[in-house]
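Peer 1: Just one file: protein.pdb, with PDB, C-alpha atoms and all ligand atoms.
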ATOM      1  CA  MET S  25       0.000   0.000   0.000
ATOM      2  CA  ARG S  26       1.508   3.365  -1.014
ATOM      3  CA  LYS S  27       1.086   6.040   1.673
ATOM      4  CA  LYS S  28      -0.752   8.981   0.160
ATOM      5  CA  VAL S  29       0.727  12.475   0.068
ATOM      6  CA  ILE S  30      -1.620  15.432   0.456
ATOM      7  CA  ALA S  31       0.298  18.543  -0.565
ATOM      8  CA  ALA S  32      -0.661  22.215  -0.589
ATOM      9  CA  ASN S  33       0.691  24.542  -3.264
ATOM     10  CA  TRP S  34       0.071  28.061  -1.989
ATOM     11  CA  LYS S  35       1.374  29.681  -5.178
ATOM     12  CA  MET S  36       1.785  33.482  -4.718
ATOM     13  CA  TYR S  37      -0.479  33.818  -1.701
ATOM     14  CA  LYS S  38       0.053  34.673   1.998
ATOM     15  CA  THR S  39       2.533  36.757   3.983
ATOM     16  CA  PRO S  40       4.558  35.172   6.830
ATOM     17  CA  ASP S  41       1.960  36.381   9.356
ATOM     18  CA  GLN S  42      -0.828  34.853   7.313
ATOM     19  CA  ALA S  43       1.152  31.611   7.083
ATOM     20  CA  ARG S  44       1.530  31.494  10.881
ATOM     21  CA  GLU S  45      -2.175  32.187  11.250
ATOM     22  CA  PHE S  46      -2.977  29.318   8.861
ATOM     23  CA  PHE S  47      -0.929  26.835  10.889
ATOM     24  CA  ARG S  48      -2.436  27.992  14.195
ATOM     25  CA  GLU S  49      -5.800  26.904  12.885
ATOM     26  CA  PHE S  50      -4.727  23.983  10.689
ATOM     27  CA  LEU S  51      -2.431  21.980  12.978
ATOM     28  CA  PRO S  52      -5.030  21.146  15.653
ATOM     29  CA  LEU S  53      -7.328  19.892  12.854
ATOM     30  CA  VAL S  54      -4.783  17.317  11.649
ATOM     31  CA  LYS S  55      -3.203  16.444  14.995
ATOM     32  CA  ASP S  56      -1.985  12.801  15.054
ATOM     33  CA  HIS S  57      -3.001  12.304  11.423
ATOM     34  CA  ASP S  58      -0.635   9.648  10.164
ATOM     35  CA  ARG S  59      -2.681   7.931   7.461
ATOM     36  CA  ASP S  60      -1.240  10.341   4.862
ATOM     37  CA  GLU S  61       1.841  12.519   4.528
ATOM     38  CA  ILE S  62       0.996  16.227   4.670
ATOM     39  CA  VAL S  63       3.174  18.809   2.915
ATOM     40  CA  VAL S  64       2.643  22.578   2.641
ATOM     41  CA  CYS S  65       4.534  24.526  -0.045
ATOM     42  CA  PRO S  66       4.418  28.288   0.665
ATOM     43  CA  THR S  67       6.398  31.025  -1.084
ATOM     44  CA  TYR S  68      10.125  31.189  -0.283
ATOM     45  CA  LEU S  69       9.414  34.148   1.964
ATOM     46  CA  CYS S  70       7.090  32.111   4.198
ATOM     47  CA  ILE S  71       9.270  29.016   4.509
ATOM     48  CA  ASP S  72      10.862  30.166   7.766
ATOM     49  CA  ALA S  73       7.477  30.956   9.337
ATOM     50  CA  ALA S  74       6.090  27.631   8.094
ATOM     51  CA  VAL S  75       9.039  25.538   9.306
ATOM     52  CA  ASN S  76       8.837  27.124  12.763
ATOM     53  CA  SER S  77       5.075  26.680  12.902
ATOM     54  CA  VAL S  78       5.037  22.978  11.961
ATOM     55  CA  ASN S  79       7.911  22.056  14.276
ATOM     56  CA  GLY S  80       6.989  18.855  16.142
ATOM     57  CA  SER S  81       3.881  18.221  14.039
ATOM     58  CA  CYS S  82       3.172  15.727  11.257
ATOM     59  CA  VAL S  83       3.357  18.443   8.575
ATOM     60  CA  ALA S  84       6.356  18.932   6.246
ATOM     61  CA  VAL S  85       7.292  22.098   4.368
ATOM     62  CA  GLY S  86       8.204  22.302   0.697
ATOM     63  CA  ALA S  87       9.226  25.010  -1.779
ATOM     64  CA  GLN S  88       7.546  25.725  -5.114
ATOM     65  CA  ASP S  89      10.657  25.813  -7.298
ATOM     66  CA  LEU S  90      14.463  25.907  -7.171
ATOM     67  CA  HIS S  91      17.468  26.614  -9.361
ATOM     68  CA  TRP S  92      19.690  23.678 -10.335
ATOM     69  CA  GLU S  93      23.100  25.327  -9.962
ATOM     70  CA  LYS S  94      25.018  25.034  -6.689
ATOM     71  CA  GLU S  95      25.659  28.780  -6.553
ATOM     72  CA  GLY S  96      26.493  31.659  -8.855
ATOM     73  CA  ALA S  97      25.360  34.898 -10.432
ATOM     74  CA  PHE S  98      21.655  34.017 -10.828
ATOM     75  CA  THR S  99      19.747  37.016  -9.541
ATOM     76  CA  GLY S 100      16.527  36.106  -7.805
ATOM     77  CA  GLU S 101      17.201  32.371  -7.655
ATOM     78  CA  ILE S 102      17.426  29.878  -4.772
ATOM     79  CA  ASN S 103      19.097  26.460  -4.847
ATOM     80  CA  ALA S 104      18.437  23.056  -3.320
ATOM     81  CA  ALA S 105      21.075  23.295  -0.577
ATOM     82  CA  MET S 106      19.620  26.627   0.582
ATOM     83  CA  LEU S 107      16.156  25.098   0.779
ATOM     84  CA  ALA S 108      17.440  22.113   2.751
ATOM     85  CA  ALA S 109      19.385  24.432   5.084
ATOM     86  CA  VAL S 110      16.211  26.214   6.204
ATOM     87  CA  GLY S 111      14.283  23.028   6.909
ATOM     88  CA  THR S 112      12.493  22.467   3.610
ATOM     89  CA  THR S 113      12.073  18.768   2.836
ATOM     90  CA  HIS S 114      10.100  18.875  -0.429
ATOM     91  CA  VAL S 115      10.123  20.935  -3.609
ATOM     92  CA  ILE S 116       7.649  21.234  -6.477
ATOM     93  CA  ILE S 117       9.338  21.044  -9.893
ATOM     94  CA  GLY S 118       7.935  21.774 -13.340
ATOM     95  CA  HIS S 119       4.558  23.156 -12.306
ATOM     96  CA  SER S 120       2.548  24.078 -15.395
ATOM     97  CA  GLU S 121       2.479  27.737 -14.294
ATOM     98  CA  ARG S 122       6.291  27.736 -14.392
ATOM     99  CA  ARG S 123       6.206  26.030 -17.784
ATOM    100  CA  GLN S 124       3.585  28.491 -19.094
ATOM    101  CA  HIS S 125       4.799  31.808 -17.682
ATOM    102  CA  PHE S 126       8.463  31.383 -16.769
ATOM    103  CA  GLY S 127      10.053  29.382 -19.554
ATOM    104  CA  GLU S 128      10.353  26.068 -17.713
ATOM    105  CA  THR S 129      11.202  23.277 -20.162
ATOM    106  CA  ASP S 130      11.441  19.500 -19.925
ATOM    107  CA  ASP S 131      15.220  19.935 -19.810
ATOM    108  CA  THR S 132      15.238  22.401 -16.900
ATOM    109  CA  VAL S 133      12.827  20.079 -15.071
ATOM    110  CA  ASN S 134      15.426  17.322 -15.439
ATOM    111  CA  LEU S 135      18.248  19.571 -14.152
ATOM    112  CA  LYS S 136      16.133  20.713 -11.197
ATOM    113  CA  LEU S 137      15.102  17.149 -10.388
ATOM    114  CA  LYS S 138      18.736  16.008 -10.303
ATOM    115  CA  SER S 139      19.827  18.857  -8.050
ATOM    116  CA  ALA S 140      16.898  18.414  -5.645
ATOM    117  CA  LEU S 141      17.648  14.689  -5.305
ATOM    118  CA  GLU S 142      21.337  15.426  -4.828
ATOM    119  CA  ALA S 143      20.475  17.701  -1.875
ATOM    120  CA  GLY S 144      18.218  15.067  -0.302
ATOM    121  CA  LEU S 145      14.956  16.899  -1.007
ATOM    122  CA  ALA S 146      11.796  15.020  -2.041
ATOM    123  CA  PRO S 147      10.838  16.469  -5.433
ATOM    124  CA  ILE S 148       7.209  16.670  -6.557
ATOM    125  CA  VAL S 149       7.544  16.607 -10.346
ATOM    126  CA  CYS S 150       4.514  17.999 -12.183
ATOM    127  CA  VAL S 151       3.372  16.808 -15.598
ATOM    128  CA  GLY S 152       0.128  17.326 -17.476
ATOM    129  CA  GLU S 153      -1.447  18.242 -20.780
ATOM    130  CA  VAL S 154      -3.154  21.472 -21.859
ATOM    131  CA  LEU S 155      -6.727  21.422 -23.171
ATOM    132  CA  GLU S 156      -5.753  21.528 -26.859
ATOM    133  CA  GLU S 157      -3.500  18.519 -26.367
ATOM    134  CA  ARG S 158      -6.275  16.547 -24.643
ATOM    135  CA  GLU S 159      -8.772  17.466 -27.345
ATOM    136  CA  ALA S 160      -6.309  16.426 -30.042
ATOM    137  CA  GLY S 161      -5.875  13.028 -28.373
ATOM    138  CA  LEU S 162      -2.277  13.814 -27.453
ATOM    139  CA  THR S 163      -2.484  13.395 -23.664
ATOM    140  CA  ASP S 164      -0.572  10.098 -23.548
ATOM    141  CA  ASP S 165       2.164  11.381 -25.878
ATOM    142  CA  VAL S 166       2.612  14.565 -23.841
ATOM    143  CA  LEU S 167       2.839  12.681 -20.551
ATOM    144  CA  ARG S 168       5.298  10.179 -22.036
ATOM    145  CA  ARG S 169       7.530  12.970 -23.370
ATOM    146  CA  GLN S 170       7.433  14.980 -20.137
ATOM    147  CA  CYS S 171       8.289  11.929 -18.027
ATOM    148  CA  LEU S 172      10.950  10.590 -20.382
ATOM    149  CA  ARG S 173      12.804  13.883 -20.344
ATOM    150  CA  ALA S 174      12.280  14.634 -16.652
ATOM    151  CA  PHE S 175      13.594  11.209 -15.610
ATOM    152  CA  TYR S 176      16.551  11.230 -18.044
ATOM    153  CA  ALA S 177      19.871   9.893 -16.686
ATOM    154  CA  ILE S 178      18.744   9.452 -13.077
ATOM    155  CA  SER S 179      19.154   6.141 -11.233
ATOM    156  CA  ALA S 180      16.348   4.430  -9.310
ATOM    157  CA  LYS S 181      18.446   4.672  -6.155
ATOM    158  CA  LYS S 182      18.867   8.446  -6.537
ATOM    159  CA  ALA S 183      15.198   8.942  -7.420
ATOM    160  CA  SER S 184      13.857   7.117  -4.374
ATOM    161  CA  LYS S 185      12.284  10.219  -2.777
ATOM    162  CA  MET S 186      10.634  11.440  -5.981
ATOM    163  CA  VAL S 187       6.878  11.952  -6.160
ATOM    164  CA  VAL S 188       5.053  12.767  -9.404
ATOM    165  CA  ALA S 189       1.957  14.954  -9.715
ATOM    166  CA  TYR S 190      -0.398  14.643 -12.666
ATOM    167  CA  GLU S 191      -1.926  18.071 -13.136
ATOM    168  CA  PRO S 192      -4.029  18.432 -16.282
ATOM    169  CA  VAL S 193      -3.600  22.129 -17.031
ATOM    170  CA  TRP S 194      -7.269  22.577 -18.016
ATOM    171  CA  ALA S 195      -8.295  21.495 -14.501
ATOM    172  CA  ILE S 196      -6.074  23.949 -12.601
ATOM    173  CA  GLY S 197      -8.013  26.772 -10.969
ATOM    174  CA  THR S 198     -10.942  26.225 -13.330
ATOM    175  CA  GLY S 199     -13.258  24.219 -11.091
ATOM    176  CA  LYS S 200     -13.084  21.435 -13.699
ATOM    177  CA  THR S 201     -11.726  18.178 -12.341
ATOM    178  CA  ALA S 202     -10.503  15.145 -14.215
ATOM    179  CA  THR S 203     -12.804  12.232 -13.413
ATOM    180  CA  PRO S 204     -11.159   9.630 -11.187
ATOM    181  CA  GLN S 205     -11.022   7.384 -14.277
ATOM    182  CA  MET S 206      -9.304  10.048 -16.434
ATOM    183  CA  ALA S 207      -6.745  10.611 -13.691
ATOM    184  CA  ALA S 208      -6.230   6.877 -13.209
ATOM    185  CA  ASP S 209      -5.586   6.442 -16.965
ATOM    186  CA  ALA S 210      -2.991   9.241 -16.929
ATOM    187  CA  HIS S 211      -1.374   7.811 -13.806
ATOM    188  CA  THR S 212      -1.034   4.436 -15.524
ATOM    189  CA  ILE S 213       0.876   6.092 -18.380
ATOM    190  CA  ILE S 214       3.145   7.908 -15.908
ATOM    191  CA  ARG S 215       3.757   4.731 -13.911
ATOM    192  CA  GLY S 216       4.675   2.959 -17.148
ATOM    193  CA  GLU S 217       7.275   5.641 -17.920
ATOM    194  CA  ALA S 218       8.646   5.329 -14.371
ATOM    195  CA  ALA S 219       8.986   1.562 -14.957
ATOM    196  CA  LYS S 220      10.933   2.177 -18.178
ATOM    197  CA  ALA S 221      13.253   4.712 -16.536
ATOM    198  CA  PHE S 222      13.705   3.174 -13.085
ATOM    199  CA  GLY S 223      12.459  -0.435 -13.202
ATOM    200  CA  GLN S 224       9.327  -2.217 -12.069
ATOM    201  CA  GLU S 225       9.998  -2.173  -8.343
ATOM    202  CA  PHE S 226      10.473   1.589  -8.297
ATOM    203  CA  SER S 227       7.426   2.106 -10.439
ATOM    204  CA  ASP S 228       5.238   0.000  -8.114
ATOM    205  CA  GLY S 229       6.239   2.210  -5.186
ATOM    206  CA  VAL S 230       6.317   5.726  -6.652
ATOM    207  CA  ARG S 231       3.505   7.974  -5.471
ATOM    208  CA  ILE S 232       1.559   9.745  -8.233
ATOM    209  CA  LEU S 233      -0.628  12.606  -7.009
ATOM    210  CA  TYR S 234      -3.532  14.254  -8.798
ATOM    211  CA  GLY S 235      -3.833  18.041  -8.932
ATOM    212  CA  GLY S 236      -6.486  20.275 -10.478
ATOM    213  CA  SER S 237      -9.467  21.709  -8.582
ATOM    214  CA  VAL S 238      -9.270  19.226  -5.706
ATOM    215  CA  LYS S 239     -11.847  20.328  -3.118
ATOM    216  CA  PRO S 240     -13.281  18.865   0.086
ATOM    217  CA  GLN S 241     -16.313  17.764  -1.975
ATOM    218  CA  ASN S 242     -14.393  15.700  -4.541
ATOM    219  CA  ALA S 243     -11.378  14.558  -2.496
ATOM    220  CA  LYS S 244     -12.907  11.289  -1.337
ATOM    221  CA  ALA S 245     -13.911  10.120  -4.818
ATOM    222  CA  LEU S 246     -10.473  10.952  -6.207
ATOM    223  CA  MET S 247      -8.565   9.442  -3.286
ATOM    224  CA  SER S 248     -10.603   6.221  -3.481
ATOM    225  CA  GLU S 249      -9.117   5.488  -6.905
ATOM    226  CA  ALA S 250      -6.319   2.921  -6.400
ATOM    227  CA  GLU S 251      -4.024   4.634  -8.926
ATOM    228  CA  ILE S 252      -4.251   8.044  -7.187
ATOM    229  CA  ASP S 253      -1.694   8.309  -4.384
ATOM    230  CA  GLY S 254      -2.595  11.739  -3.087
ATOM    231  CA  ALA S 255      -3.362  15.288  -4.118
ATOM    232  CA  LEU S 256      -1.585  18.532  -4.958
ATOM    233  CA  VAL S 257      -4.027  21.227  -3.951
ATOM    234  CA  GLY S 258      -3.969  24.890  -4.955
ATOM    235  CA  GLY S 259      -6.889  27.177  -4.138
ATOM    236  CA  ALA S 260      -8.579  24.903  -1.592
ATOM    237  CA  SER S 261      -5.367  24.609   0.434
ATOM    238  CA  LEU S 262      -5.318  28.295   1.390
ATOM    239  CA  ASP S 263      -8.058  27.905   3.959
ATOM    240  CA  PRO S 264      -7.129  25.757   6.986
ATOM    241  CA  LYS S 265     -10.566  24.165   7.360
ATOM    242  CA  SER S 266     -10.858  23.330   3.695
ATOM    243  CA  PHE S 267      -7.337  21.871   3.458
ATOM    244  CA  ALA S 268      -7.894  19.867   6.657
ATOM    245  CA  ALA S 269     -11.126  18.485   5.191
ATOM    246  CA  ILE S 270      -9.182  17.351   2.110
ATOM    247  CA  VAL S 271      -6.479  15.758   4.279
ATOM    248  CA  ARG S 272      -9.182  13.889   6.189
ATOM    249  CA  TYR S 273     -11.139  12.995   3.010
TER     250      TYR S 273
HETATM  251  P1  LIG A   1      -6.122  24.328  -7.976
HETATM  252  O1  LIG A   1      -6.336  23.301  -6.871
HETATM  253  O2  LIG A   1      -6.351  25.727  -7.529
HETATM  254  O3  LIG A   1      -6.850  23.934  -9.218
HETATM  255  O4  LIG A   1      -4.556  24.259  -8.334
HETATM  256  C1  LIG A   1      -3.961  23.032  -8.584
HETATM  257  C2  LIG A   1      -2.496  23.224  -8.663
HETATM  258  O5  LIG A   1      -1.991  23.886  -9.557
HETATM  259  C3  LIG A   1      -1.679  22.641  -7.587
HETATM  260  O6  LIG A   1      -0.327  22.705  -7.908
END
Take the structure in the file and give it back as structure tokens.
Peer 2:
Amino acid sequence: MRKKVIAANWKMYKTPDQAREFFREFLPLVKDHDRDEIVVCPTYLCIDAAVNSVNGSCVAVGAQDLHWEKEGAFTGEINAAMLAAVGTTHVIIGHSERRQHFGETDDTVNLKLKSALEAGLAPIVCVGEVLEEREAGLTDDVLRRQCLRAFYAISAKKASKMVVAYEPVWAIGTGKTATPQMAADAHTIIRGEAAKAFGQEFSDGVRILYGGSVKPQNAKALMSEAEIDGALVGGASLDPKSFAAIVRY
């Protein structure tokens, strides 16, 4: 049985004070919850507040991106070692908003994945098709390409902490959700690519999350699908009660 991961992606929301306020309300609601792993990914600026707030609880803190170089003249960037040094344990890589608005490519996803693994972080690698690709019947091809290139030249041993998130872009922030069956089909493709890159044993164990308009109302149906190993939640993770309801689906 793969332990599910319920992760929050706060995107560009909340100040450090608002982050502390969130955890004051959220932590008592998920006290002693050990059925699933819980991860919250705030902005870089809120990581310190988040790490201090979750101290001693069952909640882990992740970042939303990183740069792959060890250091250098890269204005505005943050690397894996810096994230690990401040208590971050997870990092989202290749989110569709980074691919869409900030020039993220399959190749930079691969570089970021390698550097996160090298630093001992658990990467949450995002893949997913846009609406035009789904309508053109290209979903499987897109997922295969994204996985093939993300996983390139990484060993199963190195990749052990990796988690993948299937986030169909048309379902993000739109209120449209993939049906559990659609998600399960995509997850099967992704798991197949993981088997090709890392072997069957790795592929049987890797957690594949679903993201895209996950809400308290649809969490149970999605999480009941055997192929879905958790959720990456945007909008509904900003409110402590709503995110706790998803965690306790
Ligand atoms: P929403 O839950 O707001 O659709 O966002 C999903 C997402 O992008 C999580 O990374």
Peer 1: Between atom CA of Pro52 of chain S and atom CA of Ala260 of chain S, what is the distance in Å, rounded to a tenth?
Peer 2: 18.0 Å
Peer 1: Please write out the residues within 9 Å of ligand LIG 1 (chain A) as a count of residues only, counting all atoms listed in the file.
Peer 2: 36
Peer 1: Can you work out which one of S:Phe175, S:Tyr68, S:Phe267, S:Phe98 has the shortest atom-to-atom distance to Leu51 of chain S, counting all atoms listed in the file?
Peer 2: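 Distance minimum relative to Leu51 of chain S lands on S:Phe267.
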Peer 1: For segment 33-128 of chain S against segment 143-148 of chain S, with a cut-off of 6 Å and counting only C-alpha atoms, what is the closest atom pair and its distance in Å to one decimal for every residue that makes the cut, ordered by chain and number, as a tab-separated table?
Peer 2:
residue	atom	partner	partner_atom	distance
S:Ala104	CA	S:Ala143	CA	5.9
S:Ala105	CA	S:Ala143	CA	5.8
S:Thr113	CA	S:Leu145	CA	5.2
S:His114	CA	S:Ala146	CA	4.5
S:Val115	CA	S:Pro147	CA	4.9
S:Ile116	CA	S:Ile148	CA	4.6
S:Ile117	CA	S:Ile148	CA	5.9
Peer 1: Do you have the atom CA of Gly80 of chain S-atom CA of Phe47 of chain S distance handy?
Peer 2: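 Rounded to one decimal, the two atoms are 12.4 Å apart.
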Peer 1: To one decimal in Å, tell me the separation between atom CA of Val271 of chain S and atom CA of Ser77 of chain S.
Peer 2: 18.1 Å
Peer 1: Need to verify the contact set: segment 220-223 of chain S, 12 Å, all atoms listed in the file, exclusion of same-chain residues closer than 2 positions in sequence. Can you return it as JSON, numbers by chain?
Peer 2: {"S": [168, 171, 172, 173, 174, 175, 176, 177, 178, 179, 180, 181, 182, 183, 184, 186, 213, 214, 215, 216, 217, 218, 225, 226, 227, 228, 229, 230]}
Peer 1: With only C-alpha atoms as the basis for distance, which of S:Ile30, S:Ala245, S:Ile232, S:Leu262 is at the shortest distance from Thr212 of chain S?
Peer 2: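 Closest to Thr212 of chain S, using only C-alpha atoms: S:Ile232.
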